[in-house]
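This is coords_17.pdb. It holds PDB, C-alpha atoms.
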```pdb
ATOM      1  CA  MET W   1     115.548 102.346  99.581
ATOM      2  CA  ALA W   2     118.840 102.760 101.354
ATOM      3  CA  ASP W   3     119.667 105.451 103.857
ATOM      4  CA  ASP W   4     123.093 106.613 105.073
ATOM      5  CA  ARG W   5     121.868 106.521 108.688
ATOM      6  CA  PHE W   6     120.548 102.974 108.242
ATOM      7  CA  PRO W   7     122.941 101.396 105.731
ATOM      8  CA  GLY W   8     121.722  98.204 104.139
ATOM      9  CA  TRP W   9     118.008  98.850 104.705
ATOM     10  CA  HIS W  10     116.067  98.221 101.548
ATOM     11  CA  GLY W  11     112.454  98.940 100.899
ATOM     12  CA  THR W  12     109.812  97.501  98.799
ATOM     13  CA  THR W  13     108.219  97.315  95.400
ATOM     14  CA  ILE W  14     104.958  99.139  94.720
ATOM     15  CA  LEU W  15     103.279  99.000  91.307
ATOM     16  CA  ALA W  16     100.156 100.715  89.989
ATOM     17  CA  VAL W  17      98.360  99.762  86.776
ATOM     18  CA  ARG W  18      95.418 101.661  85.242
ATOM     19  CA  ARG W  19      93.296  99.779  82.710
ATOM     20  CA  GLY W  20      89.648  99.251  81.854
ATOM     21  CA  GLY W  21      88.216 101.788  84.302
ATOM     22  CA  GLU W  22      90.148 100.540  87.299
ATOM     23  CA  VAL W  23      93.468 101.145  88.998
ATOM     24  CA  VAL W  24      95.247  98.352  90.831
ATOM     25  CA  VAL W  25      97.981  99.105  93.342
ATOM     26  CA  ALA W  26     100.114  96.118  94.364
ATOM     27  CA  GLY W  27     102.906  95.996  96.914
ATOM     28  CA  ASP W  28     105.173  93.232  98.082
ATOM     29  CA  GLY W  29     105.732  92.447 101.730
ATOM     30  CA  GLN W  30     109.496  92.350 102.034
ATOM     31  CA  VAL W  31     111.650  94.470 104.296
ATOM     32  CA  SER W  32     115.372  93.632 104.180
ATOM     33  CA  LEU W  33     118.421  94.598 106.204
ATOM     34  CA  GLY W  34     121.486  93.818 104.127
ATOM     35  CA  GLN W  35     121.218  90.170 103.164
ATOM     36  CA  THR W  36     118.571  89.394 105.761
ATOM     37  CA  VAL W  37     114.818  89.519 105.287
ATOM     38  CA  ILE W  38     113.528  91.218 108.427
ATOM     39  CA  LYS W  39     109.874  90.811 107.527
ATOM     40  CA  GLY W  40     108.163  89.175 104.581
ATOM     41  CA  SER W  41     104.575  90.231 105.160
ATOM     42  CA  ALA W  42     104.608  94.005 105.590
ATOM     43  CA  ARG W  43     101.477  95.772 104.299
ATOM     44  CA  LYS W  44     102.505  98.795 102.231
ATOM     45  CA  VAL W  45      99.327  99.360 100.240
ATOM     46  CA  ARG W  46      96.366 100.887 102.052
ATOM     47  CA  ARG W  47      92.977 102.467 101.534
ATOM     48  CA  ILE W  48      92.403 105.857 103.044
ATOM     49  CA  GLY W  49      89.052 107.546 103.160
ATOM     50  CA  ALA W  50      89.661 111.253 103.282
ATOM     51  CA  GLY W  51      86.950 113.817 102.786
ATOM     52  CA  GLY W  52      84.426 111.097 101.938
ATOM     53  CA  HIS W  53      86.426 109.955  98.912
ATOM     54  CA  GLU W  54      88.206 106.644  98.671
ATOM     55  CA  ILE W  55      91.928 106.738  97.918
ATOM     56  CA  VAL W  56      94.397 103.864  97.543
ATOM     57  CA  ALA W  57      98.015 104.598  98.470
ATOM     58  CA  GLY W  58     101.188 102.553  98.324
ATOM     59  CA  PHE W  59     104.481 103.573  99.871
ATOM     60  CA  ALA W  60     108.162 102.745  99.699
ATOM     61  CA  GLY W  61     110.779 103.913 102.159
ATOM     62  CA  SER W  62     110.553 104.494 105.872
ATOM     63  CA  THR W  63     107.246 103.268 107.266
ATOM     64  CA  ALA W  64     106.986 105.963 109.930
ATOM     65  CA  ASP W  65     107.780 108.630 107.329
ATOM     66  CA  ALA W  66     105.217 107.188 104.923
ATOM     67  CA  PHE W  67     102.509 107.190 107.590
ATOM     68  CA  THR W  68     103.315 110.803 108.415
ATOM     69  CA  LEU W  69     102.914 111.664 104.726
ATOM     70  CA  LEU W  70      99.675 109.699 104.436
ATOM     71  CA  GLU W  71      98.258 111.609 107.417
ATOM     72  CA  ARG W  72      99.266 114.900 105.770
ATOM     73  CA  LEU W  73      97.666 113.814 102.504
ATOM     74  CA  GLU W  74      94.439 112.937 104.316
ATOM     75  CA  LYS W  75      94.348 116.424 105.844
ATOM     76  CA  LYS W  76      94.910 117.996 102.434
ATOM     77  CA  LEU W  77      92.112 115.866 100.976
ATOM     78  CA  GLU W  78      89.756 116.905 103.783
ATOM     79  CA  ALA W  79      90.535 120.533 102.945
ATOM     80  CA  SER W  80      89.824 119.970  99.235
ATOM     81  CA  PRO W  81      87.503 116.945  98.934
ATOM     82  CA  GLY W  82      87.529 115.148  95.610
ATOM     83  CA  GLN W  83      90.559 117.084  94.354
ATOM     84  CA  LEU W  84      93.378 114.549  94.495
ATOM     85  CA  ALA W  85      95.716 116.520  92.233
ATOM     86  CA  ARG W  86      95.395 119.658  94.337
ATOM     87  CA  ALA W  87      95.893 117.741  97.587
ATOM     88  CA  CYS W  88      98.993 116.010  96.191
ATOM     89  CA  VAL W  89     100.543 119.278  94.992
ATOM     90  CA  GLU W  90      99.832 120.993  98.312
ATOM     91  CA  MET W  91     101.352 118.095 100.237
ATOM     92  CA  ALA W  92     104.416 117.992  97.950
ATOM     93  CA  LYS W  93     104.925 121.744  98.504
ATOM     94  CA  ASP W  94     104.791 121.251 102.266
ATOM     95  CA  TRP W  95     107.089 118.238 102.025
ATOM     96  CA  ARG W  96     109.660 120.215 100.081
ATOM     97  CA  THR W  97     109.593 123.407 102.162
ATOM     98  CA  ASP W  98     108.872 122.302 105.754
ATOM     99  CA  LYS W  99     112.028 121.739 107.860
ATOM    100  CA  TYR W 100     110.605 118.638 109.515
ATOM    101  CA  LEU W 101     108.920 117.118 106.478
ATOM    102  CA  ARG W 102     111.847 117.549 104.089
ATOM    103  CA  ASN W 103     113.784 114.967 106.126
ATOM    104  CA  LEU W 104     111.155 112.292 105.535
ATOM    105  CA  GLU W 105     112.340 109.468 103.315
ATOM    106  CA  ALA W 106     109.524 107.778 101.477
ATOM    107  CA  MET W 107     107.687 107.876  98.168
ATOM    108  CA  LEU W 108     103.982 107.463  97.565
ATOM    109  CA  ILE W 109     101.752 106.235  94.766
ATOM    110  CA  VAL W 110      98.183 107.486  95.197
ATOM    111  CA  THR W 111      94.998 107.073  93.174
ATOM    112  CA  ASP W 112      91.318 107.811  93.406
ATOM    113  CA  GLY W 113      90.541 105.505  90.498
ATOM    114  CA  ALA W 114      90.563 108.336  87.972
ATOM    115  CA  ASP W 115      93.891 110.014  88.653
ATOM    116  CA  LEU W 116      97.181 108.307  89.455
ATOM    117  CA  TYR W 117     100.227 110.081  90.936
ATOM    118  CA  VAL W 118     103.696 109.447  92.294
ATOM    119  CA  ILE W 119     104.684 111.917  95.028
ATOM    120  CA  THR W 120     108.330 112.404  96.013
ATOM    121  CA  GLY W 121     110.218 114.389  98.632
ATOM    122  CA  ALA W 122     111.821 116.423  95.861
ATOM    123  CA  GLY W 123     108.471 118.153  95.376
ATOM    124  CA  ASP W 124     107.425 116.040  92.406
ATOM    125  CA  VAL W 125     103.849 115.060  91.666
ATOM    126  CA  LEU W 126     104.156 112.845  88.627
ATOM    127  CA  GLU W 127     101.376 111.433  86.495
ATOM    128  CA  PRO W 128     102.743 108.311  84.827
ATOM    129  CA  GLU W 129     102.903 107.660  81.130
ATOM    130  CA  HIS W 130     101.470 104.447  79.715
ATOM    131  CA  ASP W 131      99.116 104.012  82.727
ATOM    132  CA  VAL W 132     101.797 102.217  84.762
ATOM    133  CA  THR W 133     104.087 103.431  87.545
ATOM    134  CA  ALA W 134     106.274 101.839  90.200
ATOM    135  CA  ILE W 135     108.490 102.832  93.126
ATOM    136  CA  GLY W 136     110.869 101.133  95.527
ATOM    137  CA  SER W 137     113.846  98.814  95.271
ATOM    138  CA  GLY W 138     112.242  96.552  92.670
ATOM    139  CA  GLY W 139     110.190  99.293  91.051
ATOM    140  CA  ASN W 140     112.099  99.378  87.776
ATOM    141  CA  PHE W 141     111.731  95.608  87.338
ATOM    142  CA  ALA W 142     107.993  95.724  88.025
ATOM    143  CA  LEU W 143     107.563  98.774  85.783
ATOM    144  CA  ALA W 144     109.334  97.151  82.838
ATOM    145  CA  ALA W 145     107.354  93.931  83.219
ATOM    146  CA  ALA W 146     104.023  95.767  83.540
ATOM    147  CA  ARG W 147     104.702  97.958  80.516
ATOM    148  CA  GLY W 148     105.377  94.844  78.461
ATOM    149  CA  LEU W 149     102.237  93.153  79.781
ATOM    150  CA  MET W 150     100.108  96.169  78.843
ATOM    151  CA  GLU W 151     100.413  94.870  75.246
ATOM    152  CA  THR W 152      98.298  91.835  76.235
ATOM    153  CA  ASP W 153      94.583  91.412  76.982
ATOM    154  CA  LEU W 154      95.179  90.897  80.710
ATOM    155  CA  THR W 155      93.133  92.864  83.244
ATOM    156  CA  ALA W 156      94.790  95.521  85.391
ATOM    157  CA  GLU W 157      94.985  93.109  88.327
ATOM    158  CA  GLN W 158      96.432  90.329  86.186
ATOM    159  CA  VAL W 159      99.070  92.710  84.796
ATOM    160  CA  ALA W 160      99.975  93.892  88.304
ATOM    161  CA  ARG W 161     100.211  90.394  89.774
ATOM    162  CA  LYS W 162     102.275  89.012  86.890
ATOM    163  CA  ALA W 163     104.613  92.033  86.824
ATOM    164  CA  MET W 164     105.170  91.785  90.577
ATOM    165  CA  SER W 165     105.884  88.069  90.188
ATOM    166  CA  ILE W 166     108.499  88.855  87.543
ATOM    167  CA  ALA W 167     110.048  91.542  89.768
ATOM    168  CA  ALA W 168     110.180  89.087  92.694
ATOM    169  CA  GLU W 169     112.074  86.602  90.527
ATOM    170  CA  ILE W 170     114.699  89.242  89.621
ATOM    171  CA  CYS W 171     115.028  91.606  92.590
ATOM    172  CA  VAL W 172     116.327  90.195  95.867
ATOM    173  CA  TYR W 173     114.517  93.000  97.734
ATOM    174  CA  THR W 174     111.081  91.988  96.402
ATOM    175  CA  ASN W 175     108.972  88.990  97.388
ATOM    176  CA  GLY W 176     105.736  87.478  96.129
ATOM    177  CA  ASN W 177     103.714  88.186  99.278
ATOM    178  CA  LEU W 178     101.384  90.795  97.765
ATOM    179  CA  THR W 179      98.843  93.252  99.033
ATOM    180  CA  VAL W 180      96.593  94.247  96.133
ATOM    181  CA  GLU W 181      93.946  96.978  96.229
ATOM    182  CA  THR W 182      91.645  97.878  93.338
ATOM    183  CA  ILE W 183      89.714 101.076  92.919
ATOM    184  CA  ARG W 184      87.218 101.796  90.131
ATOM    185  CA  LYS W 185      85.819 105.011  88.701
TER     186      LYS W 185
END
```
Translate this structure into structure tokens?
Amino acid sequence: MADDRFPGWHGTTILAVRRGGEVVVAGDGQVSLGQTVIKGSARKVRRIGAGGHEIVAGFAGSTADAFTLLERLEKKLEASPGQLARACVEMAKDWRTDKYLRNLEAMLIVTDGADLYVITGAGDVLEPEHDVTAIGSGGNFALAAARGLMETDLTAEQVARKAMSIAAEICVYTNGNLTVETIRK
């Protein structure tokens, strides 16, 4: 993701694949500034345990902004345990209407193993079609590859890893240093 205040900063690639009773969220480790890789091993996919329920989240954009949003999501999940959709909608409403939050620049993919959502600062809570979604600089490459791979007999993790590998070969802002988290329902 690029920002007018930080020109040339580019974010990451996060991909989520739902198949066979599991959801896999994979994220690359690259953070770039213009033509320079600042870090190749950033960890942008995490498990959060809010309200006694396990959630996997991946983020693209500003790290500090993403962590602020993850903390807000955890609070929403504590207020409505086991209701990921409700927590996501409540957080997206806050994100869109709060003066401080609306300046945050990040996107999230979140799942509890049953539901899968993309949350944006525009107030969107999107449930993906075709059981695949992606965000970040290389998101469209990973999404296209994963959608094609969904026609095969590969597992969710195999689809995610292969699609991220394809994205890393095409997108200069994506590398093959992956963090992969799986959650089952």
Mind telling me what the PyMOL selection byres ((chain W and resi 69-79) around 12) catches here, as a PyMOL selection string?
chain W and resi 44-68+80-96+100-112+119-121
Taking all atoms listed in the file into account, which of W:Leu116, W:Gly20, W:Leu15, W:Glu181 comes nearest Met164 of chain W?
W:Leu15
Atom CA of Val17 of chain W to atom CA of Val37 of chain W, distance in Å rounded to a single decimal
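So the answer is 26.8 Å.
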Using the chain letters and numbers from this file, what does the PyMOL selection byres ((chain W and resi 182-184) around 7) select? Give the answer as number ranges by chain.
W: 21-25, 112-113, 180-181, 185
Judged by all atoms listed in the file, the minimum distance to Arg43 of chain W among W:Val118, W:Val125, W:Ala26, W:Thr179 is found for W:Thr179
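Taking atom CA of Ile14 of chain W and atom CA of Glu151 of chain W as endpoints, the distance between them is 20.4 Å.
Compared by their closest atoms to Gln30 of chain W, and using all atoms listed in the file, the residues W:Leu143, W:Gly176, W:Ile135, W:Arg161 rank with W:Gly176 nearest.
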To box segment 18-30 of chain W, take all atoms listed in the file, fit an axis-aligned box, add 3 Å on each side, and give centre and edge lengths in Å to one decimal, as AutoDock Vina command-line options.
```
--center_x 98.9 --center_y 97.1 --center_z 91.9 --size_x 27.3 --size_y 15.4 --size_z 26.2
```
How many Å separate atom CA of Asp153 of chain W from atom CA of Tyr117 of chain W?
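According to the coordinates, atom CA of Asp153 of chain W and atom CA of Tyr117 of chain W are separated by 24.0 Å.
Close contacts of Ala144 of chain W, defined as residues with an atom at most 10 Å away when counting only C-alpha atoms, with chain neighbours fewer than 4 positions off set aside, comprise Val132, Thr133, Ala134, Gly139, Asn140, Gly148, Leu149, Ala163, Ile166 and Ala167 of chain W.
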Which residue of W:Val31, W:Ala160, W:Ala114, W:Leu178 approaches Gly136 of chain W most closely, using only C-alpha atoms
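Ranking W:Val31, W:Ala160, W:Ala114, W:Leu178 by distance to Gly136 of chain W, first place goes to W:Val31.
Proximity to Pro128 of chain W was assessed for W:Arg147, W:Ser41, W:Gly34, W:Phe141 counting only C-alpha atoms; the smallest distance is recorded for W:Arg147.
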Quick one: residues within 8 Å of Thr174 of chain W, only C-alpha atoms counted, chain neighbours fewer than 4 positions away excluded, as a ChimeraX atom specification?
/W:12-13,28-30,137-138,167-168
Which one is closest to Ser165 of chain W: W:Thr97, W:Arg19, W:Ile38, W:Gly27? Count all atoms listed in the file.
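Checking each of W:Thr97, W:Arg19, W:Ile38, W:Gly27 against Ser165 of chain W, counting all atoms listed in the file, the winner is W:Gly27.
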